[in-house]
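Step one of this worksheet: look at the structure below.
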Amino acid sequence: MPEVDLYDTTLRDGTQREGISLSVEDKLRVAATVDTLGVDFIEGGWPGANPKDTEFFRRAAAGELRLDRATLVAFGMTRRPNAQAAADPTLLALLGAGTPAMCIVGKSSALHVSEALGTTRAENLAMITDSVRLLRGEGRRVFFDAEHFFDGHAEDESYALEVAVAAAEAGAECVVLCDTNGGAMPQRVERVVRQAVDLLQGRSQVGVHVHNDTDCAVANSLVAVRAGATHVQGTVNGIGERCGNANLMSIIPNLVLKLGLDVVEPRDLRRLTRVAHEVAEVMNLTPDPHAPYVGHAAFAHKAGLHVSALAKRSDLYQHVEPATVGNDLRLLVSELAGRSTIVLKGAELGLDLADDGSAVTRVLDRVKDLEHAGYTFEAADASFELLVRAETGVTREHFRLESFRTIVDRREDGGVVAEATVRVWVNGVRLIGTAEGNGPVDALDHAFRAAVDGRYPALAGLRLADYKVRILDAGGGTGATTRVLITSTDGEREFTTVGVSSNIIEASWQAMQDAYDSALLHAALPVH
Ligand SMILES: [Zn+2]
């Protein structure tokens with residue numbers, strides 16, 4: 001079987017999912033995270049379509065996004081009907097994004113050409129040809145998304161194929177057949193892809209981009225590969241409009257472990273679970289515990305019979321070794337659960353726990369207690385590091401909180417002012433700071449900094465990059481437990497901390513306290 005390219009569209013098509021709105025910071029973080037998987041292409045968004053995507057590409061080009069493995073792709077569409085490609089604002093914005101590769105979408109359904117686009121079949125072909133040629137003429141790699149290809153093929157086979165040929169002849173290196181409405185069945189996808197592969201042989205690659213409206217998106221992607229497609233598009237955790245896009249978290253391990261295609265290296269595959277969970281956290285989505293391969297329950301065994309058999313031979317009750325996708329076998333006999341994760345994560349932090357079984361047990365117990373209380377450490381690496389250091393004694397106390405107080409004053413004129421006072425001890429000295437802020441949490445941050453001002457210069461560069469709140473037991477109404485995740489940056493390192501409380505300000509303080517601690521810890525660590 002030939003090589004297959006993986007193309008991630010989480011940041012473009014994935015964000016079409018209801019309720020998702022990513023900041024530019026979030027997008028940069030997702031791209032960097034997905035890059036660690038070893039995918040070939042990452043589609044960053046649609047420059048020119050909204051200010052956020054334009055800024056994303058500007059900051060990426062300015063060096064804020066370093067992709068070690070993937071090629072960054074900008075998305076756009078073909079020129080407008082009866083217009084010049086060279087003067088088309090969408091195509092110009094696309095070129096302006098400065099990426100080496102771009103993907104443009106065009107119509108391949110005759111019905112959509114006449115009804116949605118309101119133009120002729122010939123003009124649609126010219127729009128595709130002109131647009132691809134323009135981008136190729138500027139030296140860019142071009143992918144062509146043939147929208148509604150499978151539906152178009154069912155309506156008018158010869159026109160759909162004519163569109164594919166036009167894009168290939170104009171210089172698109174890959175013609176991507178899209179199941180835009182997500183209604184195609186695997187048998188048909190395989191047949192249509194095989195036909196397109198035969199037709200375009202020697203002219204361009206064939207790719208697929210499918211949606212999950214019949215729960216067949218992963219299956220459709222796999223049969224497409226069997227039929228000769230060499231480019232597969234999908235999203236992390238299958239997020240996307242309606243029922244989602246094809247889920248790369250299932251496609252990747254299926255291609256590697258089931259079909260024997262080394263689309264990513266074994267060591268990249270071991271990052272799969274972490275990437276799935278990190279991206280979910282950035283998007284403020286609860287990771288699906290029952291997701292294949294990457295779900296918390298994907299390799300969890302409860303039945304006593306399973307557990308005793310698994311203790312003898314781990315392959316008796318599971319279809320793959322969980323470690324191959326970075327997941328853990330979870331036997332619901334507590335002692336065994338997750339030890340390898342702790343050791344693995346400790347190693348990442350430079351702490352060797354492999355020979356210290358009792359430390360691993362203490363960390364594990366602490367993690368379990370805290371997770372039961374609502375904490376999560378999957379995204380909050382910095383809080384986890386502090387926890388491990390505290391349990392293994394490799395730590396020092398930078399400060400100790402005595403108390404804090406916040407006041408929110410809502411005035412008659414509608415203005416709201418927040419003020420906070422923080423009392424902390426540093427090296428036996430009691431320090432007090434008072435400050436105002438945009439809200440109680442902001443005021444608390446300012447007050448803490450005012451208190452320790454001068455003693456910890458490393459905190460000057462610490463900046464809060466993101467603040468996320470999730471209500472854990474919504475049934476409790478306004479008295480529910482709240483989890484706060486704070487992402488901070490010191491200009492070089494970006495890290496996340498967590499706090500949980502029924503009081504949102506206390507939860508925020510916990511996360512901020514870990515952020516200060518983590519920043520001070522790393523400022524003091526030798527650079528390696
Ligand atoms: Zn799509």
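Naming works like this for the structure tokens: A, B, ... for the chains as they're shown, residue 1 at the start of each chain, ligands 1 onward in shown order.
Around Ala164 (chain A), within 10 Å and counting only C-alpha atoms, the residues found are Lys107, Ser108, Leu125, Ile128, Phe144, Asp145, Ala146, Phe149, Ser158, Tyr159, Ala160, Ala168, Glu169, Ala172, Cys174, Val175, Val176, Leu177, Ala196, Leu199, Leu200, Ser204 and Val206 of chain A, once anything fewer than 4 positions away on its own chain is removed.
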Kindly save the residues from that selection, with N, CA, C and O atoms included, as an mmCIF file, in the first residue's frame.
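Ended up saving to out_2.cif:
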```cif
data_model
loop_
_atom_site.group_PDB
_atom_site.id
_atom_site.type_symbol
_atom_site.label_atom_id
_atom_site.label_comp_id
_atom_site.auth_asym_id
_atom_site.auth_seq_id
_atom_site.Cartn_x
_atom_site.Cartn_y
_atom_site.Cartn_z
ATOM 1 N N LYS A 107 -17.206 23.695 -6.050
ATOM 2 C CA LYS A 107 -18.385 22.831 -6.215
ATOM 3 C C LYS A 107 -18.101 21.682 -7.187
ATOM 4 O O LYS A 107 -17.483 21.880 -8.231
ATOM 5 N N SER A 108 -18.604 20.498 -6.823
ATOM 6 C CA SER A 108 -18.493 19.387 -7.774
ATOM 7 C C SER A 108 -19.856 18.771 -8.068
ATOM 8 O O SER A 108 -19.965 17.813 -8.821
ATOM 9 N N LEU A 125 -16.191 25.253 -13.788
ATOM 10 C CA LEU A 125 -14.914 24.608 -14.126
ATOM 11 C C LEU A 125 -13.817 25.652 -14.296
ATOM 12 O O LEU A 125 -12.684 25.477 -13.847
ATOM 13 N N ILE A 128 -12.540 26.932 -10.983
ATOM 14 C CA ILE A 128 -11.610 25.995 -10.345
ATOM 15 C C ILE A 128 -10.233 26.085 -11.004
ATOM 16 O O ILE A 128 -9.209 26.259 -10.349
ATOM 17 N N PHE A 144 -7.357 20.587 -3.533
ATOM 18 C CA PHE A 144 -8.692 21.028 -3.955
ATOM 19 C C PHE A 144 -9.752 20.179 -3.253
ATOM 20 O O PHE A 144 -9.798 18.960 -3.419
ATOM 21 N N ASP A 145 -10.580 20.838 -2.436
ATOM 22 C CA ASP A 145 -11.691 20.150 -1.769
ATOM 23 C C ASP A 145 -12.890 20.148 -2.713
ATOM 24 O O ASP A 145 -13.473 21.203 -2.983
ATOM 25 N N ALA A 146 -13.243 18.982 -3.226
ATOM 26 C CA ALA A 146 -14.397 18.877 -4.125
ATOM 27 C C ALA A 146 -15.648 18.685 -3.264
ATOM 28 O O ALA A 146 -15.970 17.566 -2.834
ATOM 29 N N PHE A 149 -18.927 15.947 -3.282
ATOM 30 C CA PHE A 149 -18.518 15.099 -4.407
ATOM 31 C C PHE A 149 -19.376 13.837 -4.520
ATOM 32 O O PHE A 149 -19.802 13.454 -5.611
ATOM 33 N N SER A 158 -20.663 12.191 -14.552
ATOM 34 C CA SER A 158 -19.634 12.686 -15.463
ATOM 35 C C SER A 158 -19.220 14.110 -15.098
ATOM 36 O O SER A 158 -18.047 14.469 -15.205
ATOM 37 N N TYR A 159 -20.172 14.920 -14.609
ATOM 38 C CA TYR A 159 -19.776 16.286 -14.245
ATOM 39 C C TYR A 159 -18.875 16.289 -13.011
ATOM 40 O O TYR A 159 -17.865 16.996 -12.968
ATOM 41 N N ALA A 160 -19.226 15.482 -12.010
ATOM 42 C CA ALA A 160 -18.389 15.418 -10.791
ATOM 43 C C ALA A 160 -16.961 15.019 -11.160
ATOM 44 O O ALA A 160 -15.991 15.613 -10.676
ATOM 45 N N ALA A 168 -7.171 18.681 -11.080
ATOM 46 C CA ALA A 168 -5.887 17.984 -11.219
ATOM 47 C C ALA A 168 -5.069 18.565 -12.363
ATOM 48 O O ALA A 168 -3.872 18.824 -12.223
ATOM 49 N N GLU A 169 -5.735 18.800 -13.506
ATOM 50 C CA GLU A 169 -5.019 19.329 -14.681
ATOM 51 C C GLU A 169 -4.467 20.727 -14.425
ATOM 52 O O GLU A 169 -3.433 21.100 -14.948
ATOM 53 N N ALA A 172 -3.581 20.973 -9.034
ATOM 54 C CA ALA A 172 -3.812 20.584 -7.637
ATOM 55 C C ALA A 172 -3.075 19.276 -7.367
ATOM 56 O O ALA A 172 -3.194 18.334 -8.149
ATOM 57 N N CYS A 174 -3.587 17.325 -4.893
ATOM 58 C CA CYS A 174 -4.514 16.335 -4.361
ATOM 59 C C CYS A 174 -5.945 16.817 -4.577
ATOM 60 O O CYS A 174 -6.260 17.969 -4.278
ATOM 61 N N VAL A 175 -6.782 15.958 -5.110
ATOM 62 C CA VAL A 175 -8.202 16.274 -5.244
ATOM 63 C C VAL A 175 -8.900 15.532 -4.102
ATOM 64 O O VAL A 175 -8.855 14.310 -4.016
ATOM 65 N N VAL A 176 -9.500 16.324 -3.225
ATOM 66 C CA VAL A 176 -10.080 15.750 -2.014
ATOM 67 C C VAL A 176 -11.589 15.597 -2.200
ATOM 68 O O VAL A 176 -12.306 16.584 -2.376
ATOM 69 N N LEU A 177 -12.045 14.350 -2.191
ATOM 70 C CA LEU A 177 -13.462 14.085 -2.417
ATOM 71 C C LEU A 177 -14.185 14.250 -1.081
ATOM 72 O O LEU A 177 -13.865 13.578 -0.103
ATOM 73 N N ALA A 196 -12.247 7.430 -9.045
ATOM 74 C CA ALA A 196 -11.493 8.687 -9.132
ATOM 75 C C ALA A 196 -9.984 8.415 -9.146
ATOM 76 O O ALA A 196 -9.234 9.063 -9.891
ATOM 77 N N LEU A 199 -9.033 7.324 -12.557
ATOM 78 C CA LEU A 199 -9.144 8.436 -13.508
ATOM 79 C C LEU A 199 -7.991 9.428 -13.355
ATOM 80 O O LEU A 199 -7.474 9.970 -14.337
ATOM 81 N N LEU A 200 -7.588 9.700 -12.106
ATOM 82 C CA LEU A 200 -6.592 10.753 -11.858
ATOM 83 C C LEU A 200 -5.165 10.216 -11.770
ATOM 84 O O LEU A 200 -4.236 10.976 -11.521
ATOM 85 N N SER A 204 -2.900 13.406 -10.145
ATOM 86 C CA SER A 204 -2.936 13.950 -8.788
ATOM 87 C C SER A 204 -3.292 12.848 -7.797
ATOM 88 O O SER A 204 -3.796 11.793 -8.176
ATOM 89 N N VAL A 206 -5.568 11.379 -4.688
ATOM 90 C CA VAL A 206 -6.982 11.490 -4.318
ATOM 91 C C VAL A 206 -7.055 11.444 -2.788
ATOM 92 O O VAL A 206 -6.387 10.625 -2.146
#
```
Exercise. Give the residue list for ligand 1 at 8 Å, counting only C-alpha atoms and all ligand atoms, as a PyMOL selection string, sorted by chain and then by residue number.
Key: chain A and resi 13+178-180+209-211+240-241+245
Exercise. Can you pull out every residue within 9 Å of Ala49 (chain A), counting only C-alpha atoms, but drop anything in the same chain fewer than 6 positions away, and send it as an MDAnalysis selection string?
Key: chainID A and resid 76 90 93
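Here CA of Glu190 (chain A) and CA of Asn220 (chain A) stand 7.5 Å from one another.
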Practice problem: Mind listing the strand (DSSP E or B) residues of region 360-469 of chain A, per DSSP on the backbone, as a PyMOL selection string? | Solution: chain A and resi 400-410+416-426+429-437+463-469
Dump N, CA and C atoms for the selected residues as a compact mmCIF listing (two decimals), in the first residue's frame?
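Done, and the output landed in again09.txt:
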```
# COMPACT_ATOMS: atom_id res chain seq x y z
N ARG A 400 3.51 31.29 51.48
CA ARG A 400 2.40 30.61 52.13
C ARG A 400 1.29 31.63 52.33
N LEU A 401 0.11 31.27 51.86
CA LEU A 401 -1.01 32.20 51.98
C LEU A 401 -1.52 32.21 53.42
N GLU A 402 -1.70 33.41 53.96
CA GLU A 402 -2.39 33.50 55.25
C GLU A 402 -3.88 33.67 54.98
N SER A 403 -4.22 34.67 54.21
CA SER A 403 -5.63 34.87 53.88
C SER A 403 -5.77 35.82 52.70
N PHE A 404 -6.92 35.79 52.08
CA PHE A 404 -7.23 36.84 51.10
C PHE A 404 -8.67 37.26 51.26
N ARG A 405 -8.95 38.46 50.76
CA ARG A 405 -10.33 38.96 50.81
C ARG A 405 -10.59 39.72 49.51
N THR A 406 -11.76 39.50 48.93
CA THR A 406 -12.11 40.28 47.74
C THR A 406 -13.43 40.99 47.98
N ILE A 407 -13.54 42.16 47.38
CA ILE A 407 -14.77 42.95 47.49
C ILE A 407 -15.18 43.34 46.07
N VAL A 408 -16.43 43.11 45.76
CA VAL A 408 -16.94 43.57 44.47
C VAL A 408 -18.00 44.62 44.75
N ASP A 409 -17.80 45.79 44.19
CA ASP A 409 -18.67 46.91 44.47
C ASP A 409 -19.44 47.27 43.20
N ARG A 410 -20.72 47.05 43.21
CA ARG A 410 -21.57 47.41 42.06
C ARG A 410 -22.25 48.72 42.43
N VAL A 416 -18.75 48.58 37.99
CA VAL A 416 -18.39 47.53 38.93
C VAL A 416 -16.89 47.62 39.22
N VAL A 417 -16.54 47.66 40.48
CA VAL A 417 -15.14 47.74 40.84
C VAL A 417 -14.81 46.57 41.76
N ALA A 418 -13.65 45.97 41.55
CA ALA A 418 -13.23 44.88 42.42
C ALA A 418 -11.94 45.26 43.11
N GLU A 419 -11.82 44.84 44.38
CA GLU A 419 -10.62 45.13 45.14
C GLU A 419 -10.26 43.88 45.93
N ALA A 420 -8.98 43.63 46.09
CA ALA A 420 -8.56 42.45 46.85
C ALA A 420 -7.41 42.79 47.78
N THR A 421 -7.36 42.06 48.88
CA THR A 421 -6.23 42.15 49.81
C THR A 421 -5.70 40.74 50.02
N VAL A 422 -4.39 40.60 49.92
CA VAL A 422 -3.75 39.29 50.11
C VAL A 422 -2.72 39.39 51.21
N ARG A 423 -2.72 38.43 52.11
CA ARG A 423 -1.69 38.35 53.16
C ARG A 423 -0.92 37.05 52.96
N VAL A 424 0.38 37.19 52.71
CA VAL A 424 1.22 36.00 52.50
C VAL A 424 2.50 36.09 53.31
N TRP A 425 3.10 34.92 53.53
CA TRP A 425 4.40 34.85 54.21
C TRP A 425 5.45 34.39 53.22
N VAL A 426 6.57 35.12 53.18
CA VAL A 426 7.70 34.71 52.35
C VAL A 426 8.93 34.72 53.25
N VAL A 429 8.56 36.35 56.55
CA VAL A 429 8.12 37.75 56.58
C VAL A 429 6.67 37.83 56.13
N ARG A 430 5.86 38.57 56.87
CA ARG A 430 4.45 38.70 56.52
C ARG A 430 4.30 39.88 55.57
N LEU A 431 3.68 39.64 54.44
CA LEU A 431 3.53 40.68 53.42
C LEU A 431 2.06 40.88 53.11
N ILE A 432 1.68 42.13 52.90
CA ILE A 432 0.28 42.43 52.60
C ILE A 432 0.22 43.26 51.33
N GLY A 433 -0.69 42.89 50.44
CA GLY A 433 -0.88 43.68 49.23
C GLY A 433 -2.35 43.94 49.00
N THR A 434 -2.66 45.13 48.51
CA THR A 434 -4.03 45.47 48.17
C THR A 434 -4.04 46.07 46.78
N ALA A 435 -5.02 45.66 45.95
CA ALA A 435 -5.06 46.21 44.59
C ALA A 435 -6.46 46.10 44.03
N GLU A 436 -6.71 46.91 43.00
CA GLU A 436 -7.98 46.83 42.29
C GLU A 436 -7.77 45.99 41.03
N GLY A 437 -8.88 45.58 40.42
CA GLY A 437 -8.77 44.82 39.18
C GLY A 437 -10.08 44.85 38.41
N ARG A 463 2.27 35.85 32.73
CA ARG A 463 1.06 36.45 32.20
C ARG A 463 -0.01 35.38 32.07
N LEU A 464 -1.22 35.72 32.45
CA LEU A 464 -2.33 34.79 32.31
C LEU A 464 -2.78 34.82 30.84
N ALA A 465 -2.73 33.66 30.18
CA ALA A 465 -3.07 33.61 28.76
C ALA A 465 -4.51 33.15 28.55
N ASP A 466 -5.02 32.36 29.47
CA ASP A 466 -6.38 31.85 29.29
C ASP A 466 -6.95 31.43 30.64
N TYR A 467 -8.25 31.53 30.73
CA TYR A 467 -8.95 31.26 31.99
C TYR A 467 -10.23 30.54 31.62
N LYS A 468 -10.36 29.30 32.09
CA LYS A 468 -11.54 28.51 31.73
C LYS A 468 -12.26 28.02 32.97
N VAL A 469 -13.57 28.09 32.92
CA VAL A 469 -14.37 27.68 34.05
C VAL A 469 -15.32 26.57 33.61
```
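Of note, CA of Gly152 (chain A) and CA of Val165 (chain A) are spaced 14.4 Å apart.
Remark: for Gln233 (chain A), the closest of the candidate residues A:Ala116, A:Cys103, A:Ala451, A:Leu485 is A:Cys103 (distances computed over only C-alpha atoms).
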Quiz prompt | Atomic distance CA of Ala62 (chain A) - CA of Leu135 (chain A), expressed in Å with one decimal | solution = 21.7 Å
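Using only C-alpha atoms, the smallest distance between any of A:Val208, A:Val441, A:Ala379, A:Leu95 and Val275 (chain A) comes from A:Ala379.
When only C-alpha atoms are used to measure the gap to Phe377 (chain A), the shortest distance among A:Ala224, A:Leu261, A:Leu521, A:Val500 belongs to A:Val500.
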Self-check item: Closest of A:Arg80, A:Gln318, A:Val388, A:Met512 to Leu444 (chain A) - atom-to-atom distances counting only C-alpha atoms
Solution: A:Met512
Self-check item: Residues near region 32-43 of chain A, cut-off 8 Å, only C-alpha atoms, skip fewer than 5 positions along chain, as JSON, numbers by chain
Solution: {"A": [5, 6, 7, 8, 9, 10, 11, 12, 65, 66, 67, 68, 69, 70, 71, 72, 73, 74, 75, 263, 264, 265, 268, 269, 271, 272, 275, 278, 279]}
